[in-house]
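Asks: The file below is model_23.txt, compact mmCIF, C-alpha atoms:
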```txt
# COMPACT_ATOMS: atom_id res chain seq x y z
CA MET A 1 0.00 0.00 0.00
CA LYS A 2 2.87 2.36 0.76
CA ARG A 3 3.57 2.92 -2.91
CA GLN A 4 0.02 4.03 -3.55
CA TYR A 5 0.10 6.59 -0.73
CA LEU A 6 3.39 7.91 -2.02
CA LEU A 7 1.82 8.32 -5.44
CA ALA A 8 -1.14 10.10 -3.89
CA PHE A 9 1.14 12.47 -1.98
CA CYS A 10 3.03 13.35 -5.14
CA LEU A 11 -0.18 14.04 -7.02
CA VAL A 12 -1.53 16.29 -4.28
CA PHE A 13 1.60 18.38 -4.27
CA PHE A 14 1.41 18.61 -8.03
CA PHE A 15 -2.25 19.60 -7.92
CA ALA A 16 -1.78 22.09 -5.11
CA CYS A 17 0.11 24.46 -7.38
CA ARG A 18 -1.98 27.32 -8.61
CA LYS A 19 -1.31 28.18 -12.23
CA SER A 20 0.25 31.49 -13.22
CA PRO A 21 -2.17 33.37 -15.44
CA ASP A 22 -1.45 34.05 -19.09
CA LEU A 23 -1.68 37.83 -19.34
CA GLY A 24 -0.48 38.00 -22.96
CA LYS A 25 -3.85 39.11 -24.30
CA LEU A 26 -4.33 41.85 -21.75
CA SER A 27 -4.36 45.28 -23.36
CA VAL A 28 -2.51 48.35 -22.10
CA ASP A 29 -5.62 50.48 -22.54
CA PHE A 30 -6.78 52.37 -19.47
CA ILE A 31 -9.45 51.07 -17.17
CA VAL A 32 -12.17 53.69 -17.20
CA GLN A 33 -14.47 54.05 -14.18
CA THR A 34 -17.18 56.68 -14.26
CA SER A 35 -19.70 57.67 -11.63
CA LYS A 36 -22.48 60.19 -11.56
CA GLU A 37 -24.40 61.66 -8.71
CA PRO A 38 -27.77 59.91 -8.58
CA GLY A 39 -30.40 62.26 -9.94
CA ALA A 40 -27.90 64.71 -11.44
CA ASN A 41 -29.45 66.81 -14.19
CA PHE A 42 -26.82 67.57 -16.80
CA SER A 43 -29.11 69.63 -18.99
CA GLY A 44 -29.24 72.19 -16.19
CA TYR A 45 -25.71 73.28 -17.11
CA LYS A 46 -24.76 75.07 -20.32
CA THR A 47 -21.23 76.41 -19.93
CA TYR A 48 -17.96 75.06 -18.59
CA TYR A 49 -14.40 76.03 -17.92
CA ILE A 50 -11.26 73.91 -17.92
CA SER A 51 -7.69 75.00 -17.31
CA ASP A 52 -5.08 74.25 -19.96
CA THR A 53 -2.84 72.83 -17.27
CA ILE A 54 -3.25 69.53 -15.49
CA ALA A 55 -2.79 69.13 -11.77
CA LEU A 56 0.01 66.67 -11.16
CA ARG A 57 0.67 64.62 -8.06
CA THR A 58 3.96 62.74 -7.80
CA THR A 59 6.47 61.92 -5.12
CA ASP A 60 8.13 65.25 -5.92
CA PRO A 61 6.21 68.03 -4.12
CA ASN A 62 7.43 70.52 -6.73
CA ASP A 63 5.54 68.65 -9.46
CA THR A 64 2.19 70.32 -9.23
CA LEU A 65 1.40 71.33 -12.79
CA TRP A 66 1.65 69.59 -16.11
CA TYR A 67 1.45 71.99 -19.03
CA ASP A 68 3.41 70.64 -22.02
CA ASN A 69 1.97 69.53 -25.37
CA ASP A 70 0.97 66.17 -23.90
CA ALA A 71 -1.10 67.93 -21.28
CA LYS A 72 -2.71 70.12 -23.93
CA GLN A 73 -3.72 67.03 -25.94
CA LEU A 74 -5.51 65.58 -22.94
CA VAL A 75 -7.30 68.84 -22.15
CA ALA A 76 -8.24 69.25 -25.83
CA ALA A 77 -9.86 65.80 -25.74
CA ILE A 78 -12.05 66.89 -22.82
CA LYS A 79 -13.05 70.12 -24.56
CA SER A 80 -13.89 68.26 -27.74
CA ASN A 81 -16.15 65.83 -25.88
CA MET A 82 -17.86 68.58 -23.86
CA ASN A 83 -18.46 70.68 -26.99
CA ALA A 84 -19.88 67.65 -28.79
CA ARG A 85 -22.40 67.25 -25.95
CA GLY A 86 -23.60 70.79 -26.44
CA TYR A 87 -21.70 72.66 -23.71
CA THR A 88 -20.00 75.97 -24.34
CA LEU A 89 -16.49 76.68 -23.16
CA VAL A 90 -15.95 79.97 -21.38
CA GLN A 91 -12.43 81.27 -21.76
CA ASP A 92 -12.10 82.68 -18.28
CA LYS A 93 -13.09 81.14 -14.98
CA HIS A 94 -14.31 84.56 -13.79
CA LEU A 95 -17.10 84.48 -16.38
CA SER A 96 -19.23 82.31 -14.11
CA PRO A 97 -19.19 78.95 -15.88
CA ASP A 98 -21.89 76.47 -14.82
CA LEU A 99 -19.37 73.64 -14.59
CA GLY A 100 -15.70 73.50 -13.74
CA LEU A 101 -13.71 70.59 -15.06
CA GLY A 102 -10.49 69.50 -13.45
CA LEU A 103 -8.02 66.93 -14.62
CA THR A 104 -5.42 65.47 -12.28
CA ALA A 105 -2.66 63.01 -13.09
CA ILE A 106 -1.13 60.79 -10.45
CA LYS A 107 2.30 59.34 -11.05
CA ASP A 108 4.55 57.24 -8.84
CA LEU A 109 2.11 57.55 -5.99
CA ASN A 110 -0.70 55.47 -4.64
CA VAL A 111 -3.46 57.57 -3.20
CA GLY A 112 -5.40 54.77 -1.59
CA VAL A 113 -9.13 54.56 -1.36
CA ILE A 114 -11.60 57.36 -1.84
CA TYR A 115 -14.59 57.20 0.43
CA PRO A 116 -17.91 58.86 -0.13
CA GLY A 117 -17.94 62.38 1.14
CA TRP A 118 -14.22 62.82 1.08
CA TRP A 119 -12.98 64.70 -1.93
CA TRP A 120 -9.63 63.49 -3.17
CA GLY A 121 -8.73 66.91 -4.52
CA TYR A 122 -9.11 68.60 -1.20
CA TRP A 123 -5.46 68.78 -0.42
CA GLY A 124 -5.48 72.47 0.33
CA GLY A 125 -4.73 75.44 -1.87
CA CYS A 126 -6.53 76.49 -5.00
CA TYR A 127 -7.39 73.68 -7.30
CA TRP A 128 -7.50 74.37 -11.02
CA GLY A 129 -7.76 78.02 -10.05
CA TYR A 130 -11.16 77.72 -8.40
CA CYS A 131 -9.94 79.88 -5.58
CA GLY A 132 -13.17 81.78 -5.20
CA TYR A 133 -14.85 78.77 -3.69
CA PRO A 134 -12.67 77.36 -0.91
CA PRO A 135 -15.04 78.27 1.91
CA TYR A 136 -17.24 75.60 0.41
CA TYR A 137 -16.05 72.16 1.19
CA PRO A 138 -15.83 70.00 -1.93
CA TRP A 139 -18.14 67.08 -1.67
CA TYR A 140 -19.17 63.98 -3.54
CA GLY A 141 -22.77 63.59 -2.49
CA GLY A 142 -23.80 60.36 -4.16
CA GLY A 143 -21.88 57.85 -2.14
CA ALA A 144 -21.02 56.08 -5.35
CA TYR A 145 -17.34 56.79 -5.15
CA VAL A 146 -15.17 54.14 -3.64
CA TYR A 147 -12.01 53.90 -5.63
CA THR A 148 -8.50 52.75 -5.19
CA VAL A 149 -6.34 55.21 -7.04
CA PRO A 150 -3.08 53.62 -8.11
CA THR A 151 -0.14 55.23 -9.81
CA GLY A 152 -0.56 56.04 -13.48
CA THR A 153 -4.09 57.32 -12.98
CA MET A 154 -5.89 60.32 -14.43
CA MET A 155 -8.92 61.72 -12.67
CA LEU A 156 -11.43 63.98 -14.33
CA ASP A 157 -13.95 65.77 -12.18
CA MET A 158 -16.92 67.85 -13.12
CA ILE A 159 -17.78 70.40 -10.47
CA ASP A 160 -21.09 72.23 -10.11
CA LEU A 161 -20.16 75.91 -9.89
CA LYS A 162 -23.61 77.14 -10.88
CA ASN A 163 -25.17 76.16 -7.57
CA ALA A 164 -22.07 76.44 -5.39
CA SER A 165 -23.34 79.44 -3.42
CA GLU A 166 -26.73 77.90 -2.86
CA ASN A 167 -25.30 74.49 -1.93
CA GLN A 168 -22.45 75.90 0.13
CA LYS A 169 -20.50 73.00 -1.33
CA LEU A 170 -18.75 72.10 -4.54
CA TYR A 171 -20.85 69.19 -5.69
CA VAL A 172 -19.26 66.80 -8.13
CA PRO A 173 -22.09 65.48 -10.31
CA TRP A 174 -19.76 63.33 -12.39
CA GLY A 175 -16.24 61.97 -12.27
CA SER A 176 -14.03 59.61 -14.18
CA VAL A 177 -11.06 57.67 -12.86
CA MET A 178 -8.80 56.38 -15.64
CA SER A 179 -6.10 53.99 -14.54
CA GLY A 180 -3.34 52.80 -16.77
CA GLY A 181 0.30 53.12 -17.58
CA LEU A 182 0.43 56.91 -17.61
CA GLY A 183 4.08 57.83 -17.70
CA TYR A 184 5.28 54.33 -18.50
CA THR A 185 4.85 53.86 -22.21
CA SER A 186 5.60 56.06 -25.21
CA ASP A 187 2.03 55.94 -26.49
CA ASP A 188 0.40 56.58 -23.16
CA ILE A 189 -0.87 60.04 -24.11
CA GLN A 190 -2.82 58.54 -26.98
CA LEU A 191 -4.16 55.94 -24.56
CA GLY A 192 -5.05 58.78 -22.21
CA VAL A 193 -6.99 60.55 -24.97
CA GLN A 194 -8.83 57.31 -25.72
CA ALA A 195 -9.64 56.93 -22.04
CA ILE A 196 -11.15 60.44 -21.93
CA ASP A 197 -13.23 59.64 -25.01
CA GLN A 198 -14.34 56.38 -23.39
CA SER A 199 -15.34 58.27 -20.22
CA PHE A 200 -17.87 60.25 -22.21
CA THR A 201 -18.94 57.30 -24.37
CA GLN A 202 -20.00 55.34 -21.30
CA SER A 203 -21.74 58.43 -19.86
CA PRO A 204 -24.35 59.22 -22.53
CA TYR A 205 -26.40 61.17 -19.97
CA ILE A 206 -23.93 64.06 -20.10
CA LYS A 207 -25.64 66.43 -22.54
CA ALA A 208 -26.62 70.06 -22.38
CA ASN A 209 -29.91 69.57 -24.22
CA MET B 1 -3.74 25.66 1.84
CA LYS B 2 -0.95 23.10 1.57
CA LYS B 3 -1.27 22.36 5.28
CA ILE B 4 -4.94 21.51 4.88
CA ILE B 5 -4.13 19.19 2.01
CA ILE B 6 -1.36 17.41 3.90
CA VAL B 7 -3.46 16.97 7.05
CA SER B 8 -6.37 15.68 4.99
CA LEU B 9 -4.19 13.16 3.27
CA LEU B 10 -2.64 11.95 6.51
CA PHE B 11 -6.14 11.42 7.83
CA LEU B 12 -7.02 9.46 4.71
CA SER B 13 -3.91 7.33 5.02
CA VAL B 14 -4.49 6.39 8.64
CA THR B 15 -8.13 5.51 8.05
CA ALA B 16 -7.22 3.46 5.01
CA ILE B 17 -4.65 1.39 6.84
CA ASN B 18 -7.04 0.48 9.64
CA ALA B 19 -9.94 -0.41 7.38
CA GLN B 20 -10.42 -3.60 5.48
CA THR B 21 -12.24 -2.57 2.35
CA ASN B 22 -11.09 0.72 0.99
CA LEU B 23 -10.60 2.57 -2.21
CA ILE B 24 -8.07 5.27 -2.85
CA GLY B 25 -7.95 7.06 -6.17
CA ALA B 26 -6.30 9.91 -8.00
CA SER B 27 -7.92 11.49 -11.05
CA TRP B 28 -7.41 14.18 -13.62
CA ASN B 29 -10.38 16.56 -13.77
CA MET B 30 -11.84 18.48 -16.65
CA ASN B 31 -14.34 21.12 -15.62
CA PHE B 32 -16.91 22.95 -17.71
CA PRO B 33 -18.17 26.04 -15.86
CA THR B 34 -21.86 26.72 -16.39
CA ASN B 35 -21.93 30.27 -15.07
CA THR B 36 -23.86 32.19 -17.68
CA ASN B 37 -22.55 35.65 -16.84
CA TYR B 38 -19.00 34.84 -15.81
CA LEU B 39 -16.39 32.16 -16.44
CA THR B 40 -17.45 29.69 -19.11
CA LYS B 41 -14.10 28.43 -20.44
CA THR B 42 -13.26 24.77 -19.88
CA SER B 43 -10.54 24.02 -17.36
CA TYR B 44 -8.13 21.20 -18.07
CA SER B 45 -6.11 21.91 -14.93
CA GLY B 46 -7.69 19.92 -12.18
CA GLY B 47 -7.31 16.87 -10.04
CA LYS B 48 -8.99 14.80 -7.41
CA ILE B 49 -7.92 12.55 -4.56
CA ASP B 50 -10.65 10.18 -3.52
CA TYR B 51 -10.94 7.93 -0.50
CA ARG B 52 -13.90 5.60 0.00
CA HIS B 53 -14.64 3.07 2.71
CA PHE B 54 -17.04 0.27 1.73
CA LEU B 55 -19.64 -0.59 4.34
CA LYS B 56 -19.85 -4.30 5.13
CA HIS B 57 -22.62 -6.24 3.33
CA LYS B 58 -23.96 -3.10 1.71
CA ASN B 59 -23.46 -1.58 -1.73
CA ILE B 60 -22.54 1.71 -0.15
CA SER B 61 -19.30 3.54 0.55
CA ILE B 62 -18.59 6.64 2.59
CA GLY B 63 -15.53 8.74 2.01
CA LEU B 64 -13.72 11.99 1.50
CA SER B 65 -12.71 13.75 -1.67
CA LEU B 66 -10.28 16.60 -2.23
CA ASP B 67 -10.44 18.38 -5.58
CA TRP B 68 -8.52 21.11 -7.27
CA ALA B 69 -9.42 23.17 -10.34
CA SER B 70 -7.88 26.22 -11.94
CA TYR B 71 -9.97 28.29 -14.34
CA GLU B 72 -8.76 31.10 -16.50
CA GLN B 73 -10.50 33.21 -19.09
CA TYR B 74 -9.81 36.40 -21.01
CA PHE B 75 -12.71 38.85 -21.30
CA PRO B 76 -12.42 41.39 -24.14
CA ARG B 77 -12.86 45.06 -23.41
CA GLN B 78 -16.40 45.88 -22.43
CA THR B 79 -18.39 48.23 -20.24
CA PHE B 80 -19.92 46.93 -17.03
CA GLU B 81 -22.70 49.12 -15.76
CA LYS B 82 -24.17 48.99 -12.28
CA PRO B 83 -27.91 48.29 -12.31
CA ASP B 84 -28.69 51.79 -11.00
CA GLY B 85 -26.96 53.30 -14.05
CA ASN B 86 -24.81 55.61 -11.93
CA SER B 87 -21.46 53.85 -12.32
CA ALA B 88 -19.74 52.14 -15.20
CA VAL B 89 -16.36 50.47 -15.68
CA ASN B 90 -14.71 49.83 -19.02
CA SER B 91 -11.80 47.41 -19.28
CA ASP B 92 -10.65 44.05 -20.55
CA PHE B 93 -9.45 41.55 -17.99
CA VAL B 94 -8.25 38.05 -17.26
CA ALA B 95 -10.25 36.25 -14.61
CA GLN B 96 -8.62 33.41 -12.72
CA VAL B 97 -10.41 31.15 -10.30
CA TYR B 98 -8.70 28.51 -8.18
CA GLN B 99 -11.20 26.25 -6.48
CA VAL B 100 -10.48 23.57 -3.86
CA PRO B 101 -13.61 21.69 -2.76
CA PHE B 102 -13.24 19.29 0.16
CA VAL B 103 -16.28 17.05 0.49
CA ALA B 104 -17.62 14.06 2.37
CA THR B 105 -19.06 11.51 -0.04
CA VAL B 106 -21.64 8.73 -0.08
CA HIS B 107 -21.74 6.36 -3.06
CA TYR B 108 -24.17 3.64 -3.98
CA TYR B 109 -22.88 0.80 -6.20
CA PHE B 110 -25.10 -0.80 -8.79
CA LYS B 111 -24.86 -4.43 -9.80
CA GLU B 112 -21.20 -5.23 -10.24
CA SER B 113 -19.81 -7.22 -13.17
CA LYS B 114 -16.39 -8.76 -13.56
CA LEU B 115 -15.18 -5.63 -15.31
CA LEU B 116 -17.34 -2.74 -14.08
CA LYS B 117 -18.40 -1.36 -10.71
CA PRO B 118 -20.82 1.49 -11.55
CA TYR B 119 -21.89 4.00 -8.92
CA ALA B 120 -23.91 7.10 -8.15
CA GLY B 121 -23.31 9.36 -5.21
CA ILE B 122 -23.17 12.81 -3.70
CA GLY B 123 -20.47 14.93 -2.13
CA LEU B 124 -21.20 17.66 0.39
CA GLY B 125 -18.65 19.93 1.95
CA ALA B 126 -16.66 23.14 1.80
CA SER B 127 -15.28 24.96 -1.20
CA TYR B 128 -12.29 27.25 -0.89
CA MET B 129 -11.93 29.73 -3.72
CA GLU B 130 -9.30 32.22 -4.77
CA GLN B 131 -10.41 34.62 -7.46
CA SER B 132 -8.22 37.17 -9.17
CA LEU B 133 -9.05 39.76 -11.78
CA TYR B 134 -6.07 40.97 -13.77
CA TYR B 135 -6.57 44.21 -15.70
CA ASN B 136 -4.00 46.56 -17.21
CA VAL B 137 -1.14 46.45 -14.70
CA TYR B 138 -3.39 45.82 -11.70
CA VAL B 139 -4.87 42.85 -9.94
CA SER B 140 -7.72 42.54 -7.48
CA ASP B 141 -8.12 39.43 -5.33
CA GLU B 142 -11.00 37.82 -3.54
CA TYR B 143 -10.70 34.79 -1.23
CA ASN B 144 -13.64 33.03 0.30
CA TRP B 145 -15.24 29.80 1.47
CA GLY B 146 -18.56 28.38 0.41
CA PHE B 147 -20.72 25.31 0.71
CA VAL B 148 -20.59 22.81 -2.13
CA ALA B 149 -23.03 20.08 -3.22
CA ARG B 150 -21.93 17.67 -5.93
CA PRO B 151 -23.95 14.78 -7.36
CA GLU B 152 -21.66 12.21 -8.98
CA LEU B 153 -22.01 9.33 -11.41
CA GLY B 154 -19.32 6.97 -12.67
CA THR B 155 -17.80 3.56 -12.86
CA ILE B 156 -14.70 1.74 -11.75
CA ILE B 157 -13.17 -0.39 -14.49
CA LYS B 158 -11.29 -3.23 -12.84
CA PHE B 159 -8.01 -4.42 -14.39
CA ASN B 160 -8.02 -7.90 -12.84
CA ASP B 161 -7.88 -9.16 -9.29
CA SER B 162 -4.87 -7.00 -8.41
CA GLY B 163 -7.07 -4.32 -6.86
CA TRP B 164 -6.11 -1.70 -9.44
CA GLY B 165 -8.60 -0.09 -11.76
CA PHE B 166 -9.59 2.91 -13.84
CA LEU B 167 -12.08 5.45 -12.62
CA VAL B 168 -14.34 7.36 -15.00
CA GLY B 169 -16.75 9.80 -13.43
CA ALA B 170 -18.95 12.81 -14.02
CA ASN B 171 -20.31 15.34 -11.58
CA TYR B 172 -22.19 18.60 -11.32
CA SER B 173 -20.89 20.99 -8.70
CA ILE B 174 -22.82 23.86 -7.15
CA ALA B 175 -20.75 26.01 -4.81
CA THR B 176 -21.95 29.06 -2.88
CA ASN B 177 -18.71 31.00 -3.24
CA LYS B 178 -19.39 34.66 -3.91
CA THR B 179 -17.85 36.85 -6.59
CA GLU B 180 -18.29 40.43 -5.41
CA ALA B 181 -17.04 41.98 -8.65
CA ILE B 182 -19.96 40.63 -10.66
CA ASN B 183 -22.41 40.37 -7.79
CA SER B 184 -22.63 36.59 -8.10
CA SER B 185 -23.31 34.24 -5.21
CA SER B 186 -22.59 30.87 -6.79
CA PHE B 187 -20.09 29.02 -8.94
CA LYS B 188 -21.33 26.05 -10.93
CA SER B 189 -19.51 23.54 -13.10
CA PHE B 190 -19.91 20.22 -14.80
CA GLY B 191 -16.89 17.95 -14.34
CA LEU B 192 -15.43 14.81 -15.85
CA ASN B 193 -12.69 12.86 -14.12
CA PHE B 194 -10.42 10.08 -15.30
CA GLY B 195 -7.98 8.33 -13.01
CA PHE B 196 -6.64 5.29 -11.26
CA VAL B 197 -7.96 3.61 -8.15
CA PHE B 198 -6.64 0.97 -5.83
CA MET B 199 -8.98 -1.18 -3.76
CA GLU B 200 -8.03 -3.51 -0.95
```
Can you dump the structure from the file as structure tokens?

Replies:
Amino acid sequence: MKRQYLLAFCLVFFFACRKSPDLGKLSVDFIVQTSKEPGANFSGYKTYYISDTIALRTTDPNDTLWYDNDAKQLVAAIKSNMNARGYTLVQDKHLSPDLGLGLTAIKDLNVGVIYPGWWWGYWGGCYWGYCGYPPYYPWYGGGAYVYTVPTGTMMLDMIDLKNASENQKLYVPWGSVMSGGLGYTSDDIQLGVQAIDQSFTQSPYIKAN
Amino acid sequence: MKKIIIVSLLFLSVTAINAQTNLIGASWNMNFPTNTNYLTKTSYSGGKIDYRHFLKHKNISIGLSLDWASYEQYFPRQTFEKPDGNSAVNSDFVAQVYQVPFVATVHYYFKESKLLKPYAGIGLGASYMEQSLYYNVYVSDEYNWGFVARPELGTIIKFNDSGWGFLVGANYSIATNKTEAINSSSFKSFGLNFGFVFME
């Protein structure tokens, strides 16, 4: 009998090995997660503003803005999508836009988990130049936002400026978290543009009319 | 996990030595998942260690069975929307599931011929599951335990009087392991197993 038990032991050890997955087919395209505030009415907004610079968070505290041609391509993709949905860009944030859009890139840094009610961008200071509003605490109202934000992520937030005074808060009716290899591959900006396009594609409810 | 396997096998060994009429078997498992909204790709990576103790003067055996199955499937890029329509995720991913059911079994043996010893039975027990979703450069893991019920059907093909034989079996496994990512609360599969047994 001993031989049979030995055989059985060998087989168990062989079987107990979990296979390594074949990740060859996996694309490098960004994962795109979008969330909207339940009940948000996007046709209530007509105009928007977005800065030509991108807020940047890295391990280097001096890296706070990203403004080269790559950054402009990403911002242009957002403008193009917003215009296509019927919103009008205002050139200056002092012209009372209904919506403020902010894009942040996170490199070499893991932000952790975002819980409902805690706004990831609230790290002090003026964000995307919306300095007129800081007395109002930024706020995701919907409770739909629980994200892990790993390195290589872009975050796009749409902020309700139209009702900021009335709400006493900066509501975020919609946001997109795009995670991928930002900063790791040569074609990552193109992938970033695709991710922005995908954010709007999977959010057909964003339309001015 | 390895510890559980080793302890289980030691237990099997000791029981087998003390008993008079026993069966011990090792099989290769093929599993066909029948989850309509999740993994459906056939797994060829699986195995089973079977121990059965035949009750005296009855066509019944009781035993223990330890299985192992590794599933893997690539899902092309698609958008998953939450039912409330407020959140959506777009990505492609590789899903991997590693399932280890450990069940107590009861088998009934039909009329035995010189060559065949057909049986039907059921296994009830625990199912340990490791699930991983690989997407882009990230991975998310989920580990859990569930209850498993597994009706079985098969036959032992005896070589001669040496005690050795082939085992050919089929089963349908319903496990209550949850998959949070797709809001699923069960994992089902149809399995075929081919192996060797030794009876004494």

Asks: Kindly indicate which residue among B:Phe166, B:Phe147, B:Phe75, B:Tyr109 lies nearest to chain A, using all atoms listed in the file for the distances.

Replies: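 The answer is B:Phe75, which sits nearest to chain A.
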
Asks: Given only C-alpha atoms as the basis, pick out the residue of A:Ala208, A:Ile159, A:Ile54, A:Leu99 nearest to A:Gln73.

Replies: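 Between A:Ala208, A:Ile159, A:Ile54, A:Leu99, the residue approaching A:Gln73 most closely is A:Ile54.
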
Asks: Measuring between only C-alpha atoms, which one of B:Phe194, B:Phe32, B:Trp164, B:Trp68 shows the shortest distance to chain A?

Replies: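 Selected residue with least distance to chain A: B:Trp68.
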
Asks: When distances are computed from all atoms listed in the file, which of A:Met155, A:Val75, A:Leu101, A:Ala164 shows the smallest separation from A:Thr34?

Replies: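 The shortest atom-to-atom distance to A:Thr34 comes from A:Met155.
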
Asks: Between atom CA of A:Asn163 and atom CA of B:Asn86, what is the spacing in Å?

Replies: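 Going from atom CA of B:Asn86 over to atom CA of A:Asn163 covers 21.0 Å.
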
Asks: Can you work out which one of B:Leu192, B:Ile174, B:Leu133, B:Val94 has the shortest atom-to-atom distance to chain A, counting all atoms listed in the file?

Replies: B:Val94

Asks: Near chain A, which residues of chain B fall within 8 Å when you count all atoms listed in the file, and what do they look like as a VMD selection string?

Replies: chain B and resid 2 5 9 13 25 to 26 46 to 47 49 68 70 72 74 79 86 to 94 96 98 134 to 137 198

Asks: B:Thr176, B:Ser127, B:Ser186, B:Thr21: which is nearest B:His57, counting all atoms listed in the file?

Replies: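 Of all the options, B:Thr21 lies closest to B:His57.
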
Asks: How many Å lie between atom CA of B:Ser162 and atom CA of B:Glu200, rounded to one decimal?

Replies: 8.8 Å

Asks: Between atom CA of A:Phe42 and atom CA of A:Lys72, what is the distance in Å, rounded to a tenth?

Replies: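 Going from atom CA of A:Phe42 over to atom CA of A:Lys72 covers 25.3 Å.
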
Asks: Using all atoms of stretch 29-39 of chain A listed in the file and a margin of 3 Å per side, can you give the axis-aligned box centre and edge lengths in Å to one decimal, as AutoDock Vina command-line options?

Replies:
```
--center_x -18.0 --center_y 56.4 --center_z -15.6 --size_x 30.8 --size_y 17.8 --size_z 20.0
```

Asks: Do a neighbour search on B:Gly195 at 9 Å with only C-alpha atoms, toss out local chain neighbours closer than 6 positions, and write the hits as number ranges by chain.

Replies: B: 25-29, 48, 165-169

Asks: Show which residues sit within 9 Å of A:Val193, as a list in words. Count all atoms listed in the file, and ignore same-chain residues fewer than 2 positions away.

Replies: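 My reading of the contact set: Gln73, Leu74, Val75, Ala76, Ala77, Ile78, Asp188, Ile189, Gln190, Leu191, Ala195, Ile196, Asp197 and Gln198 of chain A.
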
Asks: Residues near A:Gln91, anyone? I mean within 9 Å using all atoms listed in the file, not counting same-chain ones fewer than 3 positions away, as an NGL selection string.

Replies: :A and (48-50 or 94-95)

Asks: Counting all atoms listed in the file, which residues come within 6 Å of (-9.3, 22.7, -14.8), with the point read in the file's coordinates, and could you list them as a ChimeraX atom specification?

Replies: /B:30-31,43-46,69-71
